[in-house]
file entry.txt (compact mmCIF, C-alpha atoms)
# COMPACT_ATOMS: atom_id res chain seq x y z
CA MET A 1 -29.34 88.17 26.14
CA LYS A 2 -27.46 86.33 28.88
CA VAL A 3 -24.07 87.79 29.83
CA LEU A 4 -21.48 86.27 32.16
CA LEU A 5 -19.33 89.23 33.25
CA THR A 6 -15.96 88.77 34.95
CA SER A 7 -13.78 91.30 36.75
CA THR A 8 -10.99 90.98 39.32
CA LEU A 9 -12.86 93.39 41.58
CA TYR A 10 -16.59 94.11 41.60
CA PRO A 11 -17.60 96.34 44.53
CA THR A 12 -20.54 95.13 46.65
CA PRO A 13 -21.52 95.60 50.31
CA GLN A 14 -19.68 92.41 51.32
CA ALA A 15 -16.57 93.22 49.23
CA PRO A 16 -16.46 97.00 48.63
CA LYS A 17 -12.80 97.30 47.57
CA ILE A 18 -12.14 99.76 44.73
CA VAL A 19 -8.67 100.30 43.26
CA GLY A 20 -9.39 101.95 39.90
CA GLY A 21 -11.99 102.70 37.29
CA ALA A 22 -12.33 99.20 35.81
CA GLU A 23 -14.34 97.80 38.70
CA ILE A 24 -16.53 100.91 38.81
CA PHE A 25 -17.17 100.40 35.09
CA ALA A 26 -17.92 96.69 35.59
CA ARG A 27 -20.63 97.26 38.19
CA ARG A 28 -22.27 100.19 36.40
CA PHE A 29 -22.14 98.20 33.17
CA ALA A 30 -23.70 95.05 34.65
CA GLU A 31 -26.49 97.03 36.29
CA GLY A 32 -27.06 98.95 33.04
CA LEU A 33 -27.53 95.70 31.12
CA VAL A 34 -30.05 94.46 33.69
CA GLN A 35 -31.98 97.72 33.42
CA ARG A 36 -32.23 97.05 29.69
CA GLY A 37 -33.75 93.62 30.28
CA ASP A 38 -30.67 91.41 29.94
CA GLU A 39 -29.73 88.65 32.37
CA VAL A 40 -26.32 89.07 33.98
CA GLU A 41 -24.17 87.05 36.34
CA VAL A 42 -20.84 88.28 37.67
CA ILE A 43 -17.73 86.34 38.66
CA ARG A 44 -14.95 88.16 40.50
CA SER A 45 -11.82 87.13 42.38
CA ALA A 46 -12.54 86.13 45.96
CA SER A 47 -11.36 88.63 48.56
CA ALA A 48 -11.75 86.21 51.48
CA PRO A 49 -11.79 82.43 52.02
CA GLU A 50 -15.12 80.65 51.47
CA GLN A 51 -16.74 83.79 50.06
CA VAL A 52 -20.39 83.00 49.36
CA ARG A 53 -22.59 84.16 46.51
CA GLU A 54 -23.94 87.68 46.97
CA SER A 55 -26.97 89.26 45.34
CA CYS A 56 -26.45 92.96 44.60
CA ASN A 57 -29.10 95.05 42.85
CA GLY A 58 -30.64 91.96 41.30
CA ILE A 59 -27.34 90.50 40.07
CA ASN A 60 -25.83 87.28 41.40
CA VAL A 61 -22.16 87.86 42.17
CA TYR A 62 -19.93 84.80 42.58
CA SER A 63 -16.39 84.90 43.97
CA ALA A 64 -13.84 82.56 42.39
CA PRO A 65 -11.17 81.27 44.81
CA VAL A 66 -7.77 82.66 43.85
CA ARG A 67 -5.59 79.68 43.00
CA ASN A 68 -2.44 81.38 44.24
CA PHE A 69 -0.77 82.15 47.57
CA HIS A 70 -1.92 85.80 47.78
CA LEU A 71 -4.99 87.73 46.73
CA PRO A 72 -4.64 90.29 43.91
CA PHE A 73 -3.76 93.79 45.19
CA SER A 74 -2.22 92.33 48.35
CA LEU A 75 1.00 90.98 46.89
CA PRO A 76 4.20 90.84 48.96
CA LYS A 77 6.87 93.49 48.38
CA ASN A 78 9.53 90.82 47.99
CA ILE A 79 10.34 90.76 44.28
CA VAL A 80 10.99 87.00 44.21
CA LYS A 81 7.64 86.18 45.81
CA ARG A 82 5.87 88.60 43.52
CA SER A 83 7.48 86.99 40.48
CA ILE A 84 6.40 83.55 41.67
CA TRP A 85 2.83 84.83 42.12
CA HIS A 86 2.77 86.22 38.58
CA ALA A 87 4.25 83.00 37.18
CA VAL A 88 1.51 80.98 38.89
CA ASP A 89 -1.10 83.43 37.55
CA ASP A 90 0.33 83.04 34.05
CA TRP A 91 0.21 79.24 34.11
CA GLN A 92 -3.37 78.77 35.30
CA MET A 93 -5.31 76.34 33.11
CA GLN A 94 -8.47 75.64 35.13
CA ALA A 95 -11.45 77.84 36.03
CA PRO A 96 -13.95 75.50 37.70
CA LEU A 97 -16.42 78.20 38.77
CA ILE A 98 -16.57 79.54 35.21
CA ALA A 99 -17.35 76.06 33.90
CA GLU A 100 -19.98 75.55 36.60
CA ARG A 101 -21.78 78.83 35.88
CA ILE A 102 -21.63 78.37 32.11
CA ARG A 103 -23.34 75.00 32.42
CA ALA A 104 -25.96 76.37 34.82
CA PHE A 105 -26.51 79.90 33.47
CA LYS A 106 -25.94 79.12 29.75
CA PRO A 107 -24.68 82.61 28.77
CA ASP A 108 -24.65 83.91 25.22
CA VAL A 109 -21.28 85.57 25.81
CA LEU A 110 -18.53 85.79 28.40
CA HIS A 111 -17.32 89.38 28.83
CA SER A 112 -14.02 89.61 30.71
CA ASN A 113 -12.52 92.76 32.18
CA ASN A 114 -9.49 92.88 34.49
CA LEU A 115 -7.97 89.41 34.89
CA SER A 116 -5.60 89.31 37.89
CA GLY A 117 -6.51 86.31 40.02
CA LEU A 118 -9.07 85.05 37.50
CA THR A 119 -6.43 84.59 34.77
CA THR A 120 -6.85 83.84 31.06
CA ALA A 121 -7.98 80.34 32.03
CA ILE A 122 -11.51 81.73 32.00
CA TRP A 123 -11.19 82.33 28.24
CA ARG A 124 -10.02 78.80 27.59
CA VAL A 125 -12.82 77.21 29.60
CA ALA A 126 -15.55 79.38 28.07
CA ALA A 127 -14.35 78.89 24.49
CA GLN A 128 -14.07 75.12 24.94
CA LEU A 129 -17.66 75.11 26.18
CA GLY A 130 -18.75 76.95 23.04
CA VAL A 131 -19.28 80.43 24.55
CA PRO A 132 -17.91 83.45 22.62
CA VAL A 133 -15.41 85.47 24.65
CA LEU A 134 -15.15 89.27 24.52
CA HIS A 135 -12.35 90.96 26.45
CA THR A 136 -12.11 94.67 27.31
CA LEU A 137 -8.60 96.10 27.66
CA HIS A 138 -8.63 98.30 30.77
CA ASP A 139 -4.95 97.70 31.53
CA TYR A 140 -1.78 95.92 30.34
CA TYR A 141 -2.16 92.61 32.19
CA LEU A 142 -1.45 90.67 28.98
CA THR A 143 1.97 92.28 28.55
CA CYS A 144 3.05 93.34 32.06
CA PRO A 145 2.71 91.61 35.45
CA ARG A 146 2.17 95.00 37.09
CA CYS A 147 -0.55 95.71 34.51
CA SER A 148 0.81 99.23 33.96
CA ARG A 149 3.87 99.05 31.68
CA PHE A 150 5.43 101.56 34.07
CA ASP A 151 8.74 101.10 35.88
CA LYS A 152 11.35 103.26 37.60
CA GLY A 153 9.40 106.46 37.04
CA ARG A 154 8.89 105.96 33.31
CA SER A 155 6.32 104.50 30.97
CA CYS A 156 7.77 101.39 29.29
CA GLU A 157 8.19 101.67 25.52
CA HIS A 158 9.25 98.04 25.18
CA THR A 159 8.44 94.80 26.99
CA CYS A 160 11.34 93.78 29.19
CA THR A 161 12.60 90.19 29.38
CA SER A 162 11.06 89.45 32.79
CA CYS A 163 7.65 90.77 31.70
CA GLY A 164 7.88 88.72 28.52
CA ILE A 165 8.56 85.55 30.51
CA LEU A 166 5.87 86.20 33.14
CA THR A 167 3.16 86.92 30.54
CA PHE A 168 4.12 84.28 27.97
CA HIS A 169 1.00 82.12 28.39
CA ARG A 170 -1.29 85.13 28.69
CA LYS A 171 -0.36 86.24 25.19
CA ARG A 172 -0.77 82.71 23.82
CA ALA A 173 -4.23 82.47 25.38
CA THR A 174 -5.57 85.29 23.22
CA HIS A 175 -6.38 82.79 20.47
CA TRP A 176 -9.47 81.85 22.52
CA LEU A 177 -10.93 85.34 22.05
CA SER A 178 -13.80 86.17 19.71
CA ALA A 179 -13.57 89.95 20.18
CA VAL A 180 -11.31 92.52 21.85
CA VAL A 181 -12.36 96.03 22.86
CA GLY A 182 -9.88 98.76 23.72
CA VAL A 183 -11.09 101.68 25.81
CA SER A 184 -8.80 103.78 23.59
CA GLU A 185 -6.97 103.38 20.32
CA ARG A 186 -3.72 103.69 22.25
CA VAL A 187 -4.24 100.71 24.53
CA LEU A 188 -5.36 98.58 21.59
CA SER A 189 -2.45 99.61 19.37
CA ILE A 190 0.13 98.89 22.08
CA HIS A 191 -1.10 95.29 22.08
CA THR A 192 -1.53 94.87 18.33
CA ASP A 193 1.89 96.41 17.65
CA MET A 194 3.27 93.49 19.65
CA GLY A 195 1.53 91.08 17.28
CA MET A 196 -1.30 90.23 19.63
CA PHE A 197 -4.90 89.35 18.63
CA ALA A 198 -3.80 88.23 15.16
CA GLU A 199 -6.37 85.42 15.38
CA THR A 200 -9.15 87.48 16.97
CA PRO A 201 -12.02 88.08 14.52
CA ILE A 202 -13.18 91.45 15.90
CA LEU A 203 -11.02 94.33 17.16
CA THR A 204 -12.64 97.65 18.03
CA VAL A 205 -12.60 100.66 20.35
CA ILE A 206 -15.42 101.65 22.69
CA ARG A 207 -14.40 104.67 24.70
CA ASN A 208 -15.31 105.13 28.34
CA ALA A 209 -18.18 107.37 29.34
CA SER A 210 -18.91 108.77 32.76
CA THR A 211 -20.10 106.11 35.19
CA GLU A 212 -21.67 108.75 37.40
CA PRO A 213 -25.49 108.87 37.53
CA PRO A 214 -26.91 111.31 34.95
CA ARG A 215 -27.25 114.84 36.31
CA GLU A 216 -27.53 118.39 35.12
CA PRO A 217 -24.06 119.95 34.76
CA TYR A 218 -23.52 123.14 36.72
CA PRO A 219 -21.58 126.25 35.64
CA ARG A 220 -19.22 128.03 38.02
CA PRO A 221 -19.06 131.81 38.21
CA VAL A 222 -16.03 133.39 36.54
CA CYS A 223 -13.35 134.43 39.02
CA THR A 224 -10.66 136.70 37.64
CA THR A 225 -8.45 136.69 40.75
CA GLU A 226 -7.81 132.97 41.23
CA VAL A 227 -8.47 129.63 39.55
CA THR A 228 -9.19 126.41 41.41
CA PHE A 229 -7.57 123.36 39.85
CA GLY A 230 -8.49 119.86 40.96
CA PHE A 231 -6.97 116.37 40.95
CA ILE A 232 -9.08 113.29 41.67
CA GLY A 233 -7.98 109.66 41.74
CA ARG A 234 -5.15 107.51 43.04
CA LEU A 235 -2.23 109.56 44.30
CA THR A 236 0.45 107.37 42.74
CA GLU A 237 3.66 108.02 40.85
CA GLU A 238 2.32 107.00 37.44
CA LYS A 239 -0.65 109.34 37.86
CA GLY A 240 1.87 112.19 37.99
CA ILE A 241 1.12 113.48 41.50
CA ASP A 242 4.78 114.32 42.22
CA ASN A 243 5.12 116.23 38.95
CA LEU A 244 1.99 118.15 39.86
CA MET A 245 3.47 119.12 43.23
CA HIS A 246 6.72 120.26 41.59
CA ALA A 247 4.67 122.32 39.12
CA LEU A 248 2.70 123.95 41.96
CA ALA A 249 6.00 124.91 43.60
CA MET A 250 6.73 127.07 40.54
CA LEU A 251 3.36 128.84 40.50
CA PRO A 252 2.14 131.98 42.31
CA PRO A 253 -0.04 130.80 45.23
CA ASN A 254 -2.21 133.93 45.09
CA ARG A 255 -3.45 132.95 41.60
CA ILE A 256 -3.85 129.19 41.88
CA ARG A 257 -5.60 126.98 44.41
CA MET A 258 -5.35 123.16 44.31
CA MET A 259 -7.98 120.65 45.49
CA ILE A 260 -6.88 116.99 45.72
CA ALA A 261 -9.45 114.23 46.13
CA GLY A 262 -8.40 110.67 46.91
CA ARG A 263 -7.27 108.44 49.75
CA VAL A 264 -3.90 109.53 51.11
CA SER A 265 -2.21 109.04 54.47
CA GLU A 266 -1.19 111.97 56.66
CA GLU A 267 2.45 111.00 56.12
CA GLU A 268 2.02 111.16 52.36
CA GLN A 269 0.22 114.49 52.65
CA ARG A 270 3.19 115.91 54.54
CA ARG A 271 5.60 114.57 51.92
CA LEU A 272 3.64 116.10 49.06
CA LYS A 273 3.17 119.45 50.80
CA ALA A 274 6.92 119.61 51.45
CA ILE A 275 7.49 119.61 47.68
CA ALA A 276 5.39 122.77 47.31
CA PRO A 277 5.42 124.33 50.79
CA HIS A 278 3.95 127.68 49.73
CA ALA A 279 1.23 126.35 47.42
CA ARG A 280 -2.41 126.47 48.50
CA ILE A 281 -3.32 122.78 48.56
CA GLU A 282 -6.38 121.22 50.16
CA PHE A 283 -6.55 117.44 50.58
CA MET A 284 -10.23 116.52 50.44
CA GLY A 285 -9.81 112.81 51.14
CA PHE A 286 -12.16 110.28 49.56
CA VAL A 287 -15.23 112.28 48.50
CA ALA A 288 -18.15 111.85 46.15
CA PRO A 289 -17.16 112.99 42.64
CA ASP A 290 -20.06 115.41 42.59
CA ASP A 291 -18.69 117.20 45.68
CA PHE A 292 -15.29 117.47 44.00
CA TYR A 293 -16.47 118.83 40.63
CA ARG A 294 -18.66 121.49 42.25
CA GLN A 295 -15.57 123.06 43.84
CA VAL A 296 -13.11 123.17 40.93
CA ASP A 297 -12.76 125.21 37.75
CA VAL A 298 -10.28 122.99 35.87
CA VAL A 299 -9.41 119.31 36.36
CA VAL A 300 -5.76 118.26 36.03
CA ALA A 301 -4.75 114.76 34.89
CA PRO A 302 -0.91 114.82 34.92
CA SER A 303 -0.41 111.12 34.08
CA ILE A 304 3.08 109.94 33.09
CA TRP A 305 1.97 106.47 31.92
CA HIS A 306 -0.20 105.32 29.05
CA ASP A 307 -3.41 105.34 31.05
CA PRO A 308 -5.71 103.38 28.72
CA GLY A 309 -8.86 105.46 29.16
CA PRO A 310 -8.98 107.44 32.40
CA LEU A 311 -12.54 107.84 33.66
CA VAL A 312 -11.66 111.27 35.02
CA VAL A 313 -11.77 112.65 31.47
CA ALA A 314 -15.31 111.39 30.92
CA ASP A 315 -16.45 112.43 34.41
CA ALA A 316 -15.01 115.93 34.03
CA LYS A 317 -16.76 116.43 30.69
CA ALA A 318 -20.06 115.19 32.14
CA ALA A 319 -19.67 117.71 34.99
CA GLY A 320 -18.91 120.52 32.55
CA ARG A 321 -15.33 120.95 33.70
CA PRO A 322 -12.42 121.57 31.27
CA LEU A 323 -9.51 119.20 31.72
CA LEU A 324 -5.78 119.78 31.43
CA GLY A 325 -4.21 116.45 30.50
CA THR A 326 -0.89 115.10 29.31
CA ARG A 327 -0.15 113.50 25.96
CA PHE A 328 -0.16 109.97 27.36
CA GLY A 329 -2.46 107.02 26.78
CA GLY A 330 -6.01 107.70 25.71
CA MET A 331 -6.19 111.38 26.74
CA PRO A 332 -5.11 112.95 23.42
CA GLU A 333 -7.92 111.03 21.72
CA VAL A 334 -10.66 112.64 23.79
CA ILE A 335 -9.33 116.12 24.65
CA GLU A 336 -9.50 118.68 21.85
CA HIS A 337 -6.87 121.28 22.72
CA GLY A 338 -8.42 124.69 23.31
CA VAL A 339 -11.94 123.38 22.61
CA THR A 340 -12.79 120.84 25.31
CA GLY A 341 -9.65 121.26 27.41
CA TRP A 342 -5.90 121.49 27.03
CA LEU A 343 -2.97 119.12 26.45
CA THR A 344 0.54 119.56 27.82
CA GLU A 345 3.80 117.71 28.19
CA ALA A 346 4.15 115.77 31.45
CA ASP A 347 7.29 117.39 32.93
CA PRO A 348 6.79 119.82 35.85
CA GLN A 349 7.93 122.92 33.93
CA SER A 350 5.54 122.30 31.02
CA LEU A 351 2.74 121.49 33.45
CA ALA A 352 3.39 124.70 35.41
CA ASP A 353 3.52 126.80 32.22
CA SER A 354 0.25 125.30 31.01
CA MET A 355 -1.52 125.80 34.35
CA LEU A 356 -0.40 129.43 34.46
CA ALA A 357 -1.57 130.00 30.87
CA VAL A 358 -4.96 128.47 31.66
CA ALA A 359 -5.31 130.53 34.85
CA SER A 360 -4.45 133.74 32.98
CA ASP A 361 -7.59 133.44 30.84
CA PRO A 362 -10.55 132.65 33.15
CA HIS A 363 -13.05 133.63 30.48
CA LYS A 364 -11.67 130.82 28.27
CA ILE A 365 -12.28 128.42 31.15
CA ASP A 366 -15.87 129.66 31.34
CA GLU A 367 -16.28 129.38 27.55
CA ILE A 368 -15.13 125.74 27.48
CA SER A 369 -17.18 124.87 30.54
CA ARG A 370 -20.35 126.26 28.98
CA ARG A 371 -19.57 124.48 25.71
CA LEU A 372 -19.31 121.17 27.56
CA ILE A 373 -22.54 121.82 29.45
CA ALA A 374 -24.41 122.75 26.26
CA ASP A 375 -23.16 119.75 24.27
CA THR A 376 -26.23 117.75 23.22
CA ASN A 377 -24.19 115.06 21.46
CA LYS A 378 -22.29 113.76 24.47
CA TRP A 379 -20.92 110.24 24.46
CA ILE A 380 -22.77 108.85 27.48
CA PHE A 381 -22.93 105.53 29.25
CA ALA A 382 -26.07 104.54 27.37
CA ASP A 383 -23.98 104.72 24.17
CA VAL A 384 -21.36 102.44 25.74
CA LEU A 385 -24.06 99.89 26.60
CA SER A 386 -25.53 100.04 23.09
CA SER A 387 -22.12 99.53 21.48
CA TYR A 388 -21.41 96.43 23.57
CA LYS A 389 -24.92 95.11 22.97
CA ASN A 390 -24.30 95.35 19.22
CA LEU A 391 -21.11 93.33 19.66
CA TYR A 392 -22.92 90.74 21.78
CA GLU A 393 -25.58 90.33 19.09
CA GLN A 394 -22.90 89.96 16.44
CA LEU A 395 -21.10 87.28 18.47
CA ARG A 396 -24.33 85.44 19.15
CA GLU A 397 -25.24 85.48 15.47
CA GLN A 398 -21.79 84.17 14.52
CA ARG A 399 -22.15 81.40 17.09
CA MET A 400 -25.56 80.43 15.73
CA SER A 401 -24.20 80.52 12.17
CA ARG A 402 -21.42 78.11 13.15
CA VAL A 403 -23.96 75.79 14.75
CA ARG A 404 -26.15 75.89 11.64
CA ALA A 405 -23.15 75.35 9.41
CA ALA A 406 -22.02 72.37 11.49
CA THR A 407 -25.44 70.76 11.25
CA THR A 408 -25.44 71.10 7.46
CA ASP A 409 -21.77 70.06 7.18
CA ALA A 410 -20.95 73.31 5.39
CA PRO A 411 -18.56 75.35 7.58
CA ARG A 412 -18.39 79.08 6.99
CA ALA A 413 -15.19 81.07 7.58
CA VAL A 414 -15.38 84.17 9.72
CA GLY A 415 -12.88 86.83 8.64
CA LYS A 416 -11.19 89.49 10.72
CA GLU A 417 -13.19 92.65 11.07
CA ARG A 418 -11.89 96.01 12.19
CA LEU A 419 -14.79 98.15 13.38
CA ILE A 420 -14.76 101.93 13.30
CA PRO A 421 -14.24 103.27 16.84
CA ARG A 422 -16.60 105.80 18.35

call {"tool": "encode", "arguments": {"input": "entry.txt", "output": "structure tokens"}}
result
Amino acid sequence: MKVLLTSTLYPTPQAPKIVGGAEIFARRFAEGLVQRGDEVEVIRSASAPEQVRESCNGINVYSAPVRNFHLPFSLPKNIVKRSIWHAVDDWQMQAPLIAERIRAFKPDVLHSNNLSGLTTAIWRVAAQLGVPVLHTLHDYYLTCPRCSRFDKGRSCEHTCTSCGILTFHRKRATHWLSAVVGVSERVLSIHTDMGMFAETPILTVIRNASTEPPREPYPRPVCTTEVTFGFIGRLTEEKGIDNLMHALAMLPPNRIRMMIAGRVSEEEQRRLKAIAPHARIEFMGFVAPDDFYRQVDVVVAPSIWHDPGPLVVADAKAAGRPLLGTRFGGMPEVIEHGVTGWLTEADPQSLADSMLAVASDPHKIDEISRRLIADTNKWIFADVLSSYKNLYEQLREQRMSRVRAATTDAPRAVGKERLIPR
């Protein structure tokens, strides 16, 4: 099987930038396919002018010039300039590097991930050249220029007028798709509830699994005097970091310790500490996930946006750590309250009450941790690869059927199929 994989970011030695989980997924996924014997090429957005092809772990990585006046993730703060950038991104019609690699590589499928800078033009070009297109929904690019559906401290329940205008052509471009995968039911339903993918033959859910290398989970000894909670990821408003600080301000510092892993400036550290001046908080900086999970009892994911499928949930489970999450996005689908973790409302008071309740029963923490460690039916990254491979085979077979039908002048209709999510 030949797969042309696209992603806005794809971390390599020459372009190591990482913003979120989608690019970590893309690289682990591409390398997993190669390990299974598939041929993979990657196209990402260029992060510098004249960026040359790079070979990384046996995969050729090409960088498509961004046909706009700024690179993705380096947009100006000026709202007018940002709007112009998004309008240009929305109107892109050409993807010359995609066309070039399709003709040279001859892939069986194009698998797109995040799209900023690459744009939906890649779908149009691939489909017109006869290549089936599968898109994975890691974010809300198709409905929101910011990709988050989050504004003014709140998750957006409706698409505002400006977002509708700036994503108009993105939504229209979905008719080029052969299959759409949501990393959660929630992210898929937000799109389908808006009437999107009505012409897409296959809609399904393939949940994220930990992208960390397989390892033996490790239990932590029960401590009845204090509980160590941990937060790992981007310290941004939508991830709920401020709510977490306000919750910590309400909690007894002698019972609860907080470890925070992620890049954060000293100025931001001071601001966050000022919210909860008496709380015991340790900023770990950017550390290996393994180092983080070894030091915490419970992971906290206080998101206040519909995070499609946060990798922290999968990583925490793989490490044998219970997770306290909010009822946003894909978290309620993968956290069984009281069995594999806990769910809470996102406001600071509810978060504080839930953290105190969890800390008051350390033996329950130990019970859930050991249950996660002993689970022999984990959803692992190998299962993710197998699920996508099945989709690829289905798309290739449909493509071959259309070719055979065309040669016999007897076209066959392909109906919409809704697969059962795992």

call {"tool": "atom_distance", "arguments": {"input": "entry.txt", "atom1": "CA of Ile232 (chain A)", "atom2": "CA of Ile260 (chain A)"}}
result
5.9 Å

call {"tool": "residues_around", "arguments": {"input": "entry.txt", "residues": "Asp290 (chain A)", "least_positions_apart": "4", "cutoff": "9 Å", "atoms": "all atoms listed in the file", "output": "PyMOL selection string"}}
result
chain A and resi 212+294-295+319

call {"tool": "residues_near_point", "arguments": {"input": "entry.txt", "point": "(-23.7, 118.2, 24.3)", "cutoff": "12 Å", "atoms": "only C-alpha atoms", "output": "MDAnalysis selection string"}}
result
chainID A and resid 216:217 317:320 340 368:380

call {"tool": "atom_distance", "arguments": {"input": "entry.txt", "atom1": "CA of Val34 (chain A)", "atom2": "CA of His111 (chain A)"}}
result
14.5 Å

call {"tool": "axis_aligned_box", "arguments": {"input": "entry.txt", "around": "region 30-48 of chain A", "padding_each_side": "8 Å", "output": "AutoDock Vina command-line options"}}
result
--center_x -22.6 --center_y 92.5 --center_z 40.6 --size_x 38.4 --size_y 28.8 --size_z 37.8

call {"tool": "atom_distance", "arguments": {"input": "entry.txt", "atom1": "CA of Val227 (chain A)", "atom2": "CA of Glu267 (chain A)"}}
result
27.2 Å

call {"tool": "residues_around", "arguments": {"input": "entry.txt", "residues": "Ile365 (chain A)", "least_positions_apart": "3", "cutoff": "12 Å", "atoms": "all atoms listed in the file", "output": "ChimeraX atom specification"}}
result
/A:219-224,226-229,296-299,320-324,338-342,355,357-362,368-372

call {"tool": "residues_around", "arguments": {"input": "entry.txt", "residues": "Leu137 (chain A)", "least_positions_apart": "2", "cutoff": "7 Å", "atoms": "only C-alpha atoms", "output": "list of chain:residue names"}}
result
A:Asn113, A:His135, A:Asp139, A:Val181, A:Gly182, A:Val183

call {"tool": "write_last_selection", "arguments": {"input": "entry.txt", "atoms": "C-alpha atoms", "output": "tab-separated table (two decimals), in the frame of the given file"}}
result
chain	number	residue	atom	x	y	z
A	113	ASN	CA	-12.52	92.76	32.18
A	135	HIS	CA	-12.35	90.96	26.45
A	139	ASP	CA	-4.95	97.70	31.53
A	181	VAL	CA	-12.36	96.03	22.86
A	182	GLY	CA	-9.88	98.76	23.72
A	183	VAL	CA	-11.09	101.68	25.81
